[in-house]
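K.L.:
Have a look at this one.
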Amino acid sequence: MLEFVYEDGGHAHRVPVRDGLSLGRSSDNDVVLRDFSVSRHHARVEQQGGVYTIVDLESTNGIRINESFVRSGTFAAGDVVGIGSFELSVEHASTAEVSGLTSATYLRPLSEFNQDYGLEGKPQEISKEVGPRERVFEILAQVAKVLIQVEELEPVLEKVMDLVFDHLLVDRGFIVLFDEDGEPKLELNRVRESPTGGEVEVPISRTILDMVTHQQVAILTHDAQADQRFEAGRSVRIHQIRSAMCAPLWHRERVIGAIYVDSPLHVGSFSTSDLDLLTALANYAAVAIERARLNDRIRRERQARDRLERYHSPAVIEAVLSDSGADRASVTLRETSILFADIVGFTARCESLPPQDVALFLNQFFSLAADVIFKYGGTLDKFIGDAVMAFFGAPLPQEDHAERAVRSAVELLEALDRWNAERAAEGLDRIEVRVAVNSGPVVVGDIGSAKRVDYTVLGNTVNVTARLEEHVAKPGTIVLGESTHAAVAGLFPTEPLGSVQLKGLSRTIEIFAVRLPSRAAVGSGS
């Protein structure tokens with residue numbers, strides 16, 4: 001077996017090579033390489049006849065095998081595959097020799113282990129000849145093995161109730177969980193026999209539930225009707241509760257809920273050993289419930305991260321999701337560079353295209369823009385019709401935010417040229433874009449209403465950039481505001497365009513254009 005061996009963050013990683021292995025910056029890849037030089041979905045491994053091939057998925061920076069750029073190529077042990085700034089060495093997986101086994105070593109098939117402990121989901125019969133304590137231990141061995149396999153909350157609760165009905169002579173069972181405000185919420189109820197076949201009325205006694213929660217005790221009552229502790233309980237009288245048990249779901253010094261069981265028709269249905277079993281089962285159940293809740297939170301956070309990756313660079317995502325990011329003020333004043341890019345003649349183009357073709361066209365353009373913006377650590381603020389707005393320098397401070405923004409603009413036009421070459425080969429017309437970059441102070445943060453906020457920027461710098469793109473920039477050109485030009489002076493060839501008076505400004509501003517020799521004819525002819 002082959003392995004990819006590479007370093008990330010000072011740590012060595014080894015990943016087995018297999019057919020279908022995906023590599024890229026996005027978290028849904030098998031190998032996640034978080035760097036601006038890596039595209040969201042960069043490459044994929046394919047295997048045929050024992051030979052491995054790595055295929056470029058139309059990435060921005062391509063793939064390399066032993067320093068040679070390829071669209072796809074085979075590799076073997078000893079080769080080095082380049083993905084952006086990462087170098088992945090191809091090595092044979094190390095094999096540990098198994099030797100020295102003696103008669104003291106015993107190998108037991110997992111199938112036998114699973115059958116003994118009921119891991120196929122079938123209830124196992126407990127020996128009738130053991131004592132109450134041994135019976136509890138035998139049942140809990142089953143409980144632990146069953147619950148540890150369940151990942152989601154609803155199946156966990158169902159498994160817990162299955163175990164309750166398998167091992168206790170109860171007529172009704174209920175699982176209550178507390179929400180963030182401490183209010184009980186019925187999550188599951190079950191009745192051994194429901195004569196009417198309709199909805200089951202929930203007879204949980206709030207008096208019993210409060211006692212279990214506040215005193216943190218498990219309760220067994222042989223006859224709740226005759227117990228003075230529950231005489232004030234209205235539900236006890238209404239539902240004629242007799243034998244009942246209630247055990248807290250205890251996890252890390254707090255009660256997260258309770259398991260309640262009863263037998264409304266019989267007095268003295270439960271014993272103290274039954275209470276011991278229910279209490280122990282509740283402890284196991286609490287761990288499984290919290291584990292399922294954690295899995296659910298992880299899934300939601302993964303979904304949130306996947307959504308963020310559509311709009312932000314990896315560095316921005318880490319800042320937004322990190323603990324340190326949570327301590328920042330919701331809005332702050334920051335020096336940034338704003339980029340606007342707008343498709344020329346989009347309205348006229350859409351007039352003759354069906355909506356699905358318009359959507360496909362925009363998705364292709366927005367993908368080009370997003371890749372170059374993310375490559376330089378920018379934040380994709382929003383899509384405005386056929387325009388893209390991005391900013392650099394927030395939420396992470398970037399001293400070179402102006403350079404990053406201009407490099408993104410240049411690479412966007414280069415990517416547009418490649419796309420136009422593909423369109424020309426298909427007999428399609430050429431696409432042109434106007435671009436403007438301007439730098440200055442903005443307010444940045446979560447801005448919006450109480451129910452809906454966007455992470456965005458506001459201020460005169462944004463307004464000036466939008467007007468430079470709309471009223472000054474020509475098709476195929478990049479216009480710079482005076483602050484941006486001062487910040488990147490000497491890094492890019494530029495030419496002055498004079499001074500302009502923009503609407504809403506009391507003074508004129510000097511503007512400049514980035515000189516792009518390969519596109520000079522395009523810009524001058526528009």
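Labels used: A, B, ... for chains in the order of the structure tokens, numbers from 1 for residues in each chain, and numbers from 1 for ligands as shown.
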Per DSSP on the backbone, filter segment 355-398 of chain A down to the residues in helix (DSSP H, G or I) and report them as a count of residues only.
P.N.:
21
K.L.:
Point out the residue among A:Glu183, A:Asp8, A:Asp166, A:Asp35 with the least atom-to-atom distance to Tyr376 of chain A, counting only C-alpha atoms.
P.N.:
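Of the candidates, the smallest distance to Tyr376 of chain A is held by A:Asp35.
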K.L.:
Kindly indicate which residue among A:Ala359, A:Asp400, A:Val217, A:Gly481 lies nearest to Leu339 of chain A, using only C-alpha atoms for the distances.
P.N.:
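Result for the nearest residue to Leu339 of chain A: A:Gly481.
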K.L.:
To one decimal place in Å, what is the distance between atom CA of Ala288 of chain A and atom CA of Glu253 of chain A?
P.N.:
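Computing it gives 15.6 Å between the two atoms.
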K.L.:
According to DSSP computed on the backbone, where in segment 4-98 of chain A is there strand (DSSP E or B)? Give the residues as a PyMOL selection string.
P.N.:
chain A and resi 4-8+11-16+22-24+31-32+43-48+51-56+63-65+68-70+72-75+80-83+86-92
K.L.:
Give me the residues within 9 Å of segment 17-30 of chain A as a PyMOL selection string, counting only C-alpha atoms and dropping any in the same chain fewer than 6 places off.
P.N.:
chain A and resi 1-4+36-48+52-53+83+90+302+305-306+309+314
K.L.:
Within 10 Å of Ile478 of chain A, counting only C-alpha atoms, which residues qualify if same-chain residues fewer than 4 places away don't, as a JSON list (two decimals) with N, CA, C and O atoms, in the first residue's frame?
P.N.:
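Ended up saving to part_22.json:
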[["chain", "number", "residue", "atom", "x", "y", "z"],
["A", 339, "LEU", "N", -12.70, 45.79, -3.17],
["A", 339, "LEU", "CA", -12.64, 45.43, -4.59],
["A", 339, "LEU", "C", -14.06, 45.25, -5.11],
["A", 339, "LEU", "O", -14.86, 44.54, -4.51],
["A", 340, "PHE", "N", -14.34, 45.94, -6.22],
["A", 340, "PHE", "CA", -15.59, 45.72, -6.96],
["A", 340, "PHE", "C", -15.24, 45.24, -8.37],
["A", 340, "PHE", "O", -14.34, 45.80, -9.01],
["A", 341, "ALA", "N", -15.94, 44.22, -8.84],
["A", 341, "ALA", "CA", -15.78, 43.73, -10.22],
["A", 341, "ALA", "C", -17.17, 43.51, -10.80],
["A", 341, "ALA", "O", -18.00, 42.85, -10.18],
["A", 406, "VAL", "N", -5.06, 44.21, -5.17],
["A", 406, "VAL", "CA", -4.67, 44.47, -6.55],
["A", 406, "VAL", "C", -4.23, 43.18, -7.23],
["A", 406, "VAL", "O", -4.55, 42.94, -8.40],
["A", 409, "ALA", "N", -7.22, 41.41, -8.29],
["A", 409, "ALA", "CA", -7.82, 42.02, -9.48],
["A", 409, "ALA", "C", -7.08, 41.60, -10.75],
["A", 409, "ALA", "O", -7.71, 41.27, -11.77],
["A", 410, "VAL", "N", -5.75, 41.62, -10.69],
["A", 410, "VAL", "CA", -4.95, 41.24, -11.87],
["A", 410, "VAL", "C", -5.21, 39.78, -12.23],
["A", 410, "VAL", "O", -5.42, 39.43, -13.40],
["A", 413, "LEU", "N", -8.57, 39.13, -13.98],
["A", 413, "LEU", "CA", -8.59, 39.38, -15.42],
["A", 413, "LEU", "C", -7.84, 38.31, -16.19],
["A", 413, "LEU", "O", -8.21, 37.95, -17.31],
["A", 433, "VAL", "N", -14.92, 42.69, -17.96],
["A", 433, "VAL", "CA", -15.23, 43.07, -16.58],
["A", 433, "VAL", "C", -14.55, 44.39, -16.27],
["A", 433, "VAL", "O", -13.42, 44.65, -16.70],
["A", 434, "ARG", "N", -15.26, 45.25, -15.53],
["A", 434, "ARG", "CA", -14.66, 46.46, -14.97],
["A", 434, "ARG", "C", -14.29, 46.19, -13.52],
["A", 434, "ARG", "O", -15.07, 45.59, -12.77],
["A", 435, "VAL", "N", -13.10, 46.66, -13.10],
["A", 435, "VAL", "CA", -12.62, 46.41, -11.74],
["A", 435, "VAL", "C", -12.14, 47.71, -11.13],
["A", 435, "VAL", "O", -11.48, 48.52, -11.80],
["A", 436, "ALA", "N", -12.46, 47.91, -9.85],
["A", 436, "ALA", "CA", -11.95, 49.07, -9.10],
["A", 436, "ALA", "C", -11.50, 48.60, -7.72],
["A", 436, "ALA", "O", -12.12, 47.72, -7.12],
["A", 437, "VAL", "N", -10.39, 49.18, -7.25],
["A", 437, "VAL", "CA", -9.87, 48.88, -5.91],
["A", 437, "VAL", "C", -9.60, 50.21, -5.21],
["A", 437, "VAL", "O", -8.98, 51.11, -5.78],
["A", 468, "LEU", "N", -16.14, 54.34, -8.49],
["A", 468, "LEU", "CA", -15.01, 54.20, -9.41],
["A", 468, "LEU", "C", -15.25, 53.07, -10.41],
["A", 468, "LEU", "O", -14.95, 53.21, -11.60],
["A", 469, "GLU", "N", -15.79, 51.97, -9.92],
["A", 469, "GLU", "CA", -16.06, 50.83, -10.82],
["A", 469, "GLU", "C", -17.16, 51.17, -11.81],
["A", 469, "GLU", "O", -17.07, 50.88, -13.00],
["A", 472, "VAL", "N", -16.00, 55.15, -13.69],
["A", 472, "VAL", "CA", -14.65, 55.47, -14.18],
["A", 472, "VAL", "C", -14.01, 54.30, -14.90],
["A", 472, "VAL", "O", -13.44, 54.46, -15.98],
["A", 473, "ALA", "N", -14.09, 53.10, -14.34],
["A", 473, "ALA", "CA", -13.40, 51.95, -14.92],
["A", 473, "ALA", "C", -13.98, 51.62, -16.30],
["A", 473, "ALA", "O", -15.19, 51.70, -16.52],
["A", 474, "LYS", "N", -13.08, 51.27, -17.23],
["A", 474, "LYS", "CA", -13.47, 50.82, -18.56],
["A", 474, "LYS", "C", -13.42, 49.30, -18.61],
["A", 474, "LYS", "O", -12.81, 48.65, -17.77],
["A", 494, "THR", "N", 1.63, 51.37, -13.29],
["A", 494, "THR", "CA", 0.37, 52.11, -13.30],
["A", 494, "THR", "C", 0.51, 53.35, -14.17],
["A", 494, "THR", "O", 1.62, 53.76, -14.54],
["A", 512, "PHE", "N", -5.88, 56.13, -10.78],
["A", 512, "PHE", "CA", -4.82, 55.50, -11.57],
["A", 512, "PHE", "C", -5.36, 54.20, -12.15],
["A", 512, "PHE", "O", -6.36, 53.66, -11.68],
["A", 513, "ALA", "N", -4.68, 53.72, -13.18],
["A", 513, "ALA", "CA", -5.03, 52.43, -13.78],
["A", 513, "ALA", "C", -3.81, 51.53, -13.77],
["A", 513, "ALA", "O", -2.68, 51.99, -13.97],
["A", 514, "VAL", "N", -4.04, 50.26, -13.49],
["A", 514, "VAL", "CA", -2.96, 49.28, -13.59],
["A", 514, "VAL", "C", -2.71, 48.99, -15.06],
["A", 514, "VAL", "O", -3.66, 48.68, -15.81],
["A", 515, "ARG", "N", -1.45, 49.10, -15.49],
["A", 515, "ARG", "CA", -1.13, 48.86, -16.90],
["A", 515, "ARG", "C", -1.00, 47.35, -17.11],
["A", 515, "ARG", "O", -0.19, 46.69, -16.49],
["A", 516, "LEU", "N", -1.85, 46.84, -18.01],
["A", 516, "LEU", "CA", -1.85, 45.42, -18.35],
["A", 516, "LEU", "C", -1.57, 45.33, -19.85],
["A", 516, "LEU", "O", -2.50, 45.41, -20.67],
["A", 523, "GLY", "N", -8.78, 47.39, -23.51],
["A", 523, "GLY", "CA", -9.20, 48.53, -22.72],
["A", 523, "GLY", "C", -9.37, 49.78, -23.56],
["A", 523, "GLY", "O", -10.32, 50.54, -23.40]]
K.L.:
Report, in Å with one decimal, the straight-line distance from atom CA of Ala282 of chain A to atom CA of Val160 of chain A.
P.N.:
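One can read the atom CA of Ala282 of chain A to atom CA of Val160 of chain A distance as 8.4 Å.
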K.L.:
What does the structure give for the distance between atom CA of Arg192 of chain A and atom CA of Ser263 of chain A, in Å to one decimal?
P.N.:
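About the pair atom CA of Arg192 of chain A and atom CA of Ser263 of chain A: they are 10.2 Å apart.
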K.L.:
List the spatial neighbours of Arg71 of chain A as a PyMOL selection string - criterion: any atom at most 9 Å away, only C-alpha atoms, same-chain residues fewer than 5 positions off excluded.
P.N.:
chain A and resi 54-58+62-64
K.L.:
With only C-alpha atoms as the basis for distance, which of A:Arg291, A:Leu275, A:Ala487, A:Gly385 is at the shortest distance from Thr336 of chain A?
P.N.:
A:Ala487
K.L.:
I want to know what sits within 12 Å of Gln501 of chain A, based on only C-alpha atoms, with residues of the same chain fewer than 3 positions away left out; could you give that as a list in words?
P.N.:
Val464, Arg467, Leu468, His471, Val472, Gly498, Gly504, Leu505, Ser506, Arg507, Thr508, Ile509, Glu510 and Ile511 of chain A
K.L.:
Atoms to include: N, CA and C atoms. Write the selected residues as a PDB file, in the first residue's frame.
P.N.:
ATOM      1  N   VAL A 464     -16.942  55.005  -2.490  1.00  0.00           N
ATOM      2  CA  VAL A 464     -16.027  55.514  -3.521  1.00  0.00           C
ATOM      3  C   VAL A 464     -15.627  54.388  -4.471  1.00  0.00           C
ATOM      4  N   ARG A 467     -18.369  53.650  -6.957  1.00  0.00           N
ATOM      5  CA  ARG A 467     -18.515  54.677  -7.999  1.00  0.00           C
ATOM      6  C   ARG A 467     -17.356  54.664  -8.977  1.00  0.00           C
ATOM      7  N   LEU A 468     -16.145  54.338  -8.490  1.00  0.00           N
ATOM      8  CA  LEU A 468     -15.008  54.203  -9.407  1.00  0.00           C
ATOM      9  C   LEU A 468     -15.253  53.074 -10.407  1.00  0.00           C
ATOM     10  N   HIS A 471     -18.484  54.310 -12.752  1.00  0.00           N
ATOM     11  CA  HIS A 471     -18.432  55.518 -13.581  1.00  0.00           C
ATOM     12  C   HIS A 471     -17.068  55.802 -14.197  1.00  0.00           C
ATOM     13  N   VAL A 472     -16.000  55.145 -13.690  1.00  0.00           N
ATOM     14  CA  VAL A 472     -14.651  55.466 -14.176  1.00  0.00           C
ATOM     15  C   VAL A 472     -14.008  54.299 -14.904  1.00  0.00           C
ATOM     16  N   GLY A 498      -5.740  61.114 -14.037  1.00  0.00           N
ATOM     17  CA  GLY A 498      -6.177  62.451 -13.701  1.00  0.00           C
ATOM     18  C   GLY A 498      -7.022  62.449 -12.433  1.00  0.00           C
ATOM     19  N   GLY A 504     -21.234  62.892  -4.265  1.00  0.00           N
ATOM     20  CA  GLY A 504     -21.215  62.744  -2.811  1.00  0.00           C
ATOM     21  C   GLY A 504     -19.919  63.167  -2.163  1.00  0.00           C
ATOM     22  N   LEU A 505     -18.869  63.457  -2.974  1.00  0.00           N
ATOM     23  CA  LEU A 505     -17.588  63.879  -2.419  1.00  0.00           C
ATOM     24  C   LEU A 505     -17.411  65.383  -2.624  1.00  0.00           C
ATOM     25  N   SER A 506     -16.822  66.025  -1.610  1.00  0.00           N
ATOM     26  CA  SER A 506     -16.636  67.473  -1.690  1.00  0.00           C
ATOM     27  C   SER A 506     -15.349  67.844  -2.407  1.00  0.00           C
ATOM     28  N   ARG A 507     -14.471  66.863  -2.651  1.00  0.00           N
ATOM     29  CA  ARG A 507     -13.202  67.148  -3.311  1.00  0.00           C
ATOM     30  C   ARG A 507     -12.975  66.149  -4.432  1.00  0.00           C
ATOM     31  N   THR A 508     -12.058  66.522  -5.325  1.00  0.00           N
ATOM     32  CA  THR A 508     -11.678  65.592  -6.392  1.00  0.00           C
ATOM     33  C   THR A 508     -10.641  64.618  -5.848  1.00  0.00           C
ATOM     34  N   ILE A 509     -10.556  63.459  -6.466  1.00  0.00           N
ATOM     35  CA  ILE A 509      -9.537  62.482  -6.064  1.00  0.00           C
ATOM     36  C   ILE A 509      -8.746  62.061  -7.288  1.00  0.00           C
ATOM     37  N   GLU A 510      -7.466  61.761  -7.059  1.00  0.00           N
ATOM     38  CA  GLU A 510      -6.600  61.293  -8.127  1.00  0.00           C
ATOM     39  C   GLU A 510      -6.837  59.793  -8.326  1.00  0.00           C
ATOM     40  N   ILE A 511      -6.931  59.386  -9.564  1.00  0.00           N
ATOM     41  CA  ILE A 511      -7.160  57.965  -9.853  1.00  0.00           C
ATOM     42  C   ILE A 511      -6.080  57.462 -10.804  1.00  0.00           C
TER      43      ILE A 511
END
